[in-house]
Amino acid sequence: MKENFLITLHTVQETDGDKDVLDMTARASLRGEEDDYFITYTDEDGDFEGSVTTLHVENGSCITISRKGQCDSHMIVEKNVRHISHHITPYGSFSLGVSALAIDSKMKKNGGTLNFRYCTDIDMRPLGEIEFDITLEKRPLS
């Protein structure tokens, strides 16, 4: 996998009025076409340090997020559909309902942006909202 992109992630998670913000940059790869592409990167710090995350974006309306490492998860964020995702963490496993509130994909072969927001629930009880602002910039391999 050629990690010839720089990914910048800005994530805001809001739960019960509390906001947590995470900013991260990492080397990433981009493959596929404008309307069906994959972004893969390795988390370099935080709770998911060392985990490999892949985002698969289809038709600008469905994002599949797969994470492998100390925390494994597979989550689908799709407009107008509630999906159940399963997460395995060092603290135990759990299922989470996920519903997309917005998805905006402007990706080309040389990079671009992906912004999406979704709400989560456990057993149909609202948990919170998460927003991702992702920028991918082509960078030479070092």
# chains A, B, ... in the order shown; residues from 1 in each chain; ligands from 1

$ closest_atom_pairs --of "stretch 28-79 of chain A" --to "stretch 90-106 of chain A" --cutoff "9 Å" --atoms "only C-alpha atoms" --output "JSON lines"
{"residue": "A:Glu34", "atom": "CA", "partner": "A:Lys106", "partner_atom": "CA", "distance": 7.8}
{"residue": "A:Asp35", "atom": "CA", "partner": "A:Ser105", "partner_atom": "CA", "distance": 8.4}
{"residue": "A:Val57", "atom": "CA", "partner": "A:Ser105", "partner_atom": "CA", "distance": 8.2}
{"residue": "A:Asn59", "atom": "CA", "partner": "A:Ser105", "partner_atom": "CA", "distance": 8.8}
{"residue": "A:Gly60", "atom": "CA", "partner": "A:Ser105", "partner_atom": "CA", "distance": 5.6}
{"residue": "A:Ser61", "atom": "CA", "partner": "A:Ile103", "partner_atom": "CA", "distance": 6.3}
{"residue": "A:Cys62", "atom": "CA", "partner": "A:Ile103", "partner_atom": "CA", "distance": 8.0}
{"residue": "A:Ile63", "atom": "CA", "partner": "A:Ile103", "partner_atom": "CA", "distance": 8.6}
{"residue": "A:Gln70", "atom": "CA", "partner": "A:Pro90", "partner_atom": "CA", "distance": 6.8}
{"residue": "A:Cys71", "atom": "CA", "partner": "A:Pro90", "partner_atom": "CA", "distance": 6.8}
{"residue": "A:Met75", "atom": "CA", "partner": "A:Val98", "partner_atom": "CA", "distance": 7.8}
{"residue": "A:Ile76", "atom": "CA", "partner": "A:Val98", "partner_atom": "CA", "distance": 7.3}
{"residue": "A:Val77", "atom": "CA", "partner": "A:Ala100", "partner_atom": "CA", "distance": 5.4}
{"residue": "A:Glu78", "atom": "CA", "partner": "A:Ala100", "partner_atom": "CA", "distance": 5.3}
{"residue": "A:Lys79", "atom": "CA", "partner": "A:Ala100", "partner_atom": "CA", "distance": 5.0}

$ write_last_selection --atoms "C-alpha atoms" --output "PDB file, in the first residue's frame"
ATOM      1  CA  GLU A  34     -14.309   9.435  -7.475  1.00  0.00           C
ATOM      2  CA  ASP A  35     -17.622   7.735  -6.632  1.00  0.00           C
ATOM      3  CA  VAL A  57     -17.074   5.488   0.174  1.00  0.00           C
ATOM      4  CA  ASN A  59     -21.782   6.851  -4.468  1.00  0.00           C
ATOM      5  CA  GLY A  60     -21.378   9.646  -1.921  1.00  0.00           C
ATOM      6  CA  SER A  61     -24.150   8.115   0.184  1.00  0.00           C
ATOM      7  CA  CYS A  62     -22.611   5.151   2.010  1.00  0.00           C
ATOM      8  CA  ILE A  63     -19.393   4.902   4.030  1.00  0.00           C
ATOM      9  CA  GLN A  70      -6.502  -3.470  19.454  1.00  0.00           C
ATOM     10  CA  CYS A  71     -10.061  -2.269  18.773  1.00  0.00           C
ATOM     11  CA  MET A  75     -19.532   0.267  10.793  1.00  0.00           C
ATOM     12  CA  ILE A  76     -21.769   1.414   7.933  1.00  0.00           C
ATOM     13  CA  VAL A  77     -22.833   5.066   7.758  1.00  0.00           C
ATOM     14  CA  GLU A  78     -25.557   5.423   5.126  1.00  0.00           C
ATOM     15  CA  LYS A  79     -28.078   8.098   4.308  1.00  0.00           C
TER      16      LYS A  79
END

$ residues_around --residues "A:Lys19" --least-positions-apart "4" --cutoff "10 Å" --atoms "only C-alpha atoms" --output "ChimeraX atom specification"
/A:12-15,128-130

$ residues_around --residues "A:Phe5" --least-positions-apart "3" --cutoff "9 Å" --atoms "only C-alpha atoms" --output "PyMOL selection string"
chain A and resi 2+26-30+110-111+136-141

$ atom_distance --atom1 "atom CA of A:Glu44" --atom2 "atom CA of A:Glu58"
26.1 Å

$ decode --residues "stretch 30-53 of chain A" --atoms "N, CA, C and O atoms" --output "PDB file, in the first residue's frame"
ATOM      1  N   LEU A  30      -4.946   6.192  -1.026  1.00  0.00           N
ATOM      2  CA  LEU A  30      -6.228   6.413  -1.682  1.00  0.00           C
ATOM      3  C   LEU A  30      -6.232   5.569  -2.946  1.00  0.00           C
ATOM      4  O   LEU A  30      -5.297   5.616  -3.737  1.00  0.00           O
ATOM      5  N   ARG A  31      -7.295   4.765  -3.110  1.00  0.00           N
ATOM      6  CA  ARG A  31      -7.426   3.986  -4.333  1.00  0.00           C
ATOM      7  C   ARG A  31      -8.895   3.928  -4.733  1.00  0.00           C
ATOM      8  O   ARG A  31      -9.783   4.062  -3.886  1.00  0.00           O
ATOM      9  N   GLY A  32      -9.118   3.761  -6.017  1.00  0.00           N
ATOM     10  CA  GLY A  32     -10.481   3.683  -6.526  1.00  0.00           C
ATOM     11  C   GLY A  32     -10.814   4.859  -7.414  1.00  0.00           C
ATOM     12  O   GLY A  32      -9.932   5.553  -7.922  1.00  0.00           O
ATOM     13  N   GLU A  33     -12.093   5.094  -7.601  1.00  0.00           N
ATOM     14  CA  GLU A  33     -12.615   6.160  -8.452  1.00  0.00           C
ATOM     15  C   GLU A  33     -13.309   7.210  -7.594  1.00  0.00           C
ATOM     16  O   GLU A  33     -13.541   7.000  -6.405  1.00  0.00           O
ATOM     17  N   GLU A  34     -13.695   8.321  -8.215  1.00  0.00           N
ATOM     18  CA  GLU A  34     -14.309   9.435  -7.475  1.00  0.00           C
ATOM     19  C   GLU A  34     -15.572   9.036  -6.723  1.00  0.00           C
ATOM     20  O   GLU A  34     -15.848   9.571  -5.662  1.00  0.00           O
ATOM     21  N   ASP A  35     -16.361   8.104  -7.275  1.00  0.00           N
ATOM     22  CA  ASP A  35     -17.622   7.735  -6.632  1.00  0.00           C
ATOM     23  C   ASP A  35     -17.551   6.394  -5.903  1.00  0.00           C
ATOM     24  O   ASP A  35     -18.540   5.929  -5.354  1.00  0.00           O
ATOM     25  N   ASP A  36     -16.373   5.761  -5.885  1.00  0.00           N
ATOM     26  CA  ASP A  36     -16.195   4.483  -5.192  1.00  0.00           C
ATOM     27  C   ASP A  36     -14.708   4.353  -4.857  1.00  0.00           C
ATOM     28  O   ASP A  36     -13.913   3.912  -5.678  1.00  0.00           O
ATOM     29  N   TYR A  37     -14.344   4.783  -3.644  1.00  0.00           N
ATOM     30  CA  TYR A  37     -12.928   4.821  -3.299  1.00  0.00           C
ATOM     31  C   TYR A  37     -12.671   4.335  -1.885  1.00  0.00           C
ATOM     32  O   TYR A  37     -13.590   4.236  -1.072  1.00  0.00           O
ATOM     33  N   PHE A  38     -11.401   4.023  -1.615  1.00  0.00           N
ATOM     34  CA  PHE A  38     -10.944   3.540  -0.319  1.00  0.00           C
ATOM     35  C   PHE A  38      -9.835   4.455   0.201  1.00  0.00           C
ATOM     36  O   PHE A  38      -8.912   4.785  -0.545  1.00  0.00           O
ATOM     37  N   ILE A  39      -9.922   4.840   1.461  1.00  0.00           N
ATOM     38  CA  ILE A  39      -8.858   5.559   2.160  1.00  0.00           C
ATOM     39  C   ILE A  39      -8.398   4.644   3.289  1.00  0.00           C
ATOM     40  O   ILE A  39      -9.227   4.149   4.059  1.00  0.00           O
ATOM     41  N   THR A  40      -7.080   4.414   3.393  1.00  0.00           N
ATOM     42  CA  THR A  40      -6.541   3.562   4.454  1.00  0.00           C
ATOM     43  C   THR A  40      -5.417   4.304   5.166  1.00  0.00           C
ATOM     44  O   THR A  40      -4.568   4.924   4.515  1.00  0.00           O
ATOM     45  N   TYR A  41      -5.435   4.256   6.497  1.00  0.00           N
ATOM     46  CA  TYR A  41      -4.383   4.891   7.293  1.00  0.00           C
ATOM     47  C   TYR A  41      -4.207   4.125   8.598  1.00  0.00           C
ATOM     48  O   TYR A  41      -5.066   3.350   9.009  1.00  0.00           O
ATOM     49  N   THR A  42      -3.068   4.361   9.248  1.00  0.00           N
ATOM     50  CA  THR A  42      -2.785   3.768  10.553  1.00  0.00           C
ATOM     51  C   THR A  42      -2.871   4.866  11.606  1.00  0.00           C
ATOM     52  O   THR A  42      -2.216   5.906  11.478  1.00  0.00           O
ATOM     53  N   ASP A  43      -3.696   4.642  12.628  1.00  0.00           N
ATOM     54  CA  ASP A  43      -3.820   5.610  13.716  1.00  0.00           C
ATOM     55  C   ASP A  43      -2.483   5.701  14.451  1.00  0.00           C
ATOM     56  O   ASP A  43      -1.912   4.672  14.823  1.00  0.00           O
ATOM     57  N   GLU A  44      -2.003   6.918  14.641  1.00  0.00           N
ATOM     58  CA  GLU A  44      -0.678   7.106  15.233  1.00  0.00           C
ATOM     59  C   GLU A  44      -0.701   7.454  16.711  1.00  0.00           C
ATOM     60  O   GLU A  44       0.334   7.446  17.360  1.00  0.00           O
ATOM     61  N   ASP A  45      -1.876   7.755  17.250  1.00  0.00           N
ATOM     62  CA  ASP A  45      -1.966   8.029  18.684  1.00  0.00           C
ATOM     63  C   ASP A  45      -3.410   7.873  19.150  1.00  0.00           C
ATOM     64  O   ASP A  45      -4.290   7.525  18.383  1.00  0.00           O
ATOM     65  N   GLY A  46      -3.641   8.092  20.410  1.00  0.00           N
ATOM     66  CA  GLY A  46      -4.988   8.002  20.964  1.00  0.00           C
ATOM     67  C   GLY A  46      -5.407   6.572  21.252  1.00  0.00           C
ATOM     68  O   GLY A  46      -4.592   5.648  21.289  1.00  0.00           O
ATOM     69  N   ASP A  47      -6.707   6.387  21.444  1.00  0.00           N
ATOM     70  CA  ASP A  47      -7.261   5.084  21.806  1.00  0.00           C
ATOM     71  C   ASP A  47      -7.046   4.011  20.742  1.00  0.00           C
ATOM     72  O   ASP A  47      -7.053   2.820  21.046  1.00  0.00           O
ATOM     73  N   PHE A  48      -6.892   4.426  19.480  1.00  0.00           N
ATOM     74  CA  PHE A  48      -6.777   3.459  18.385  1.00  0.00           C
ATOM     75  C   PHE A  48      -5.352   3.360  17.841  1.00  0.00           C
ATOM     76  O   PHE A  48      -5.133   2.853  16.746  1.00  0.00           O
ATOM     77  N   GLU A  49      -4.356   3.805  18.602  1.00  0.00           N
ATOM     78  CA  GLU A  49      -2.972   3.809  18.141  1.00  0.00           C
ATOM     79  C   GLU A  49      -2.561   2.436  17.617  1.00  0.00           C
ATOM     80  O   GLU A  49      -2.796   1.409  18.245  1.00  0.00           O
ATOM     81  N   GLY A  50      -1.988   2.435  16.396  1.00  0.00           N
ATOM     82  CA  GLY A  50      -1.543   1.197  15.764  1.00  0.00           C
ATOM     83  C   GLY A  50      -2.621   0.474  14.978  1.00  0.00           C
ATOM     84  O   GLY A  50      -2.329  -0.457  14.242  1.00  0.00           O
ATOM     85  N   SER A  51      -3.863   0.895  15.106  1.00  0.00           N
ATOM     86  CA  SER A  51      -4.954   0.258  14.364  1.00  0.00           C
ATOM     87  C   SER A  51      -4.968   0.765  12.924  1.00  0.00           C
ATOM     88  O   SER A  51      -4.686   1.935  12.657  1.00  0.00           O
ATOM     89  N   VAL A  52      -5.313  -0.120  11.995  1.00  0.00           N
ATOM     90  CA  VAL A  52      -5.433   0.248  10.592  1.00  0.00           C
ATOM     91  C   VAL A  52      -6.914   0.501  10.301  1.00  0.00           C
ATOM     92  O   VAL A  52      -7.757  -0.360  10.549  1.00  0.00           O
ATOM     93  N   THR A  53      -7.209   1.696   9.788  1.00  0.00           N
ATOM     94  CA  THR A  53      -8.577   2.087   9.494  1.00  0.00           C
ATOM     95  C   THR A  53      -8.744   2.247   7.991  1.00  0.00           C
ATOM     96  O   THR A  53      -7.909   2.853   7.325  1.00  0.00           O
TER      97      THR A  53
END
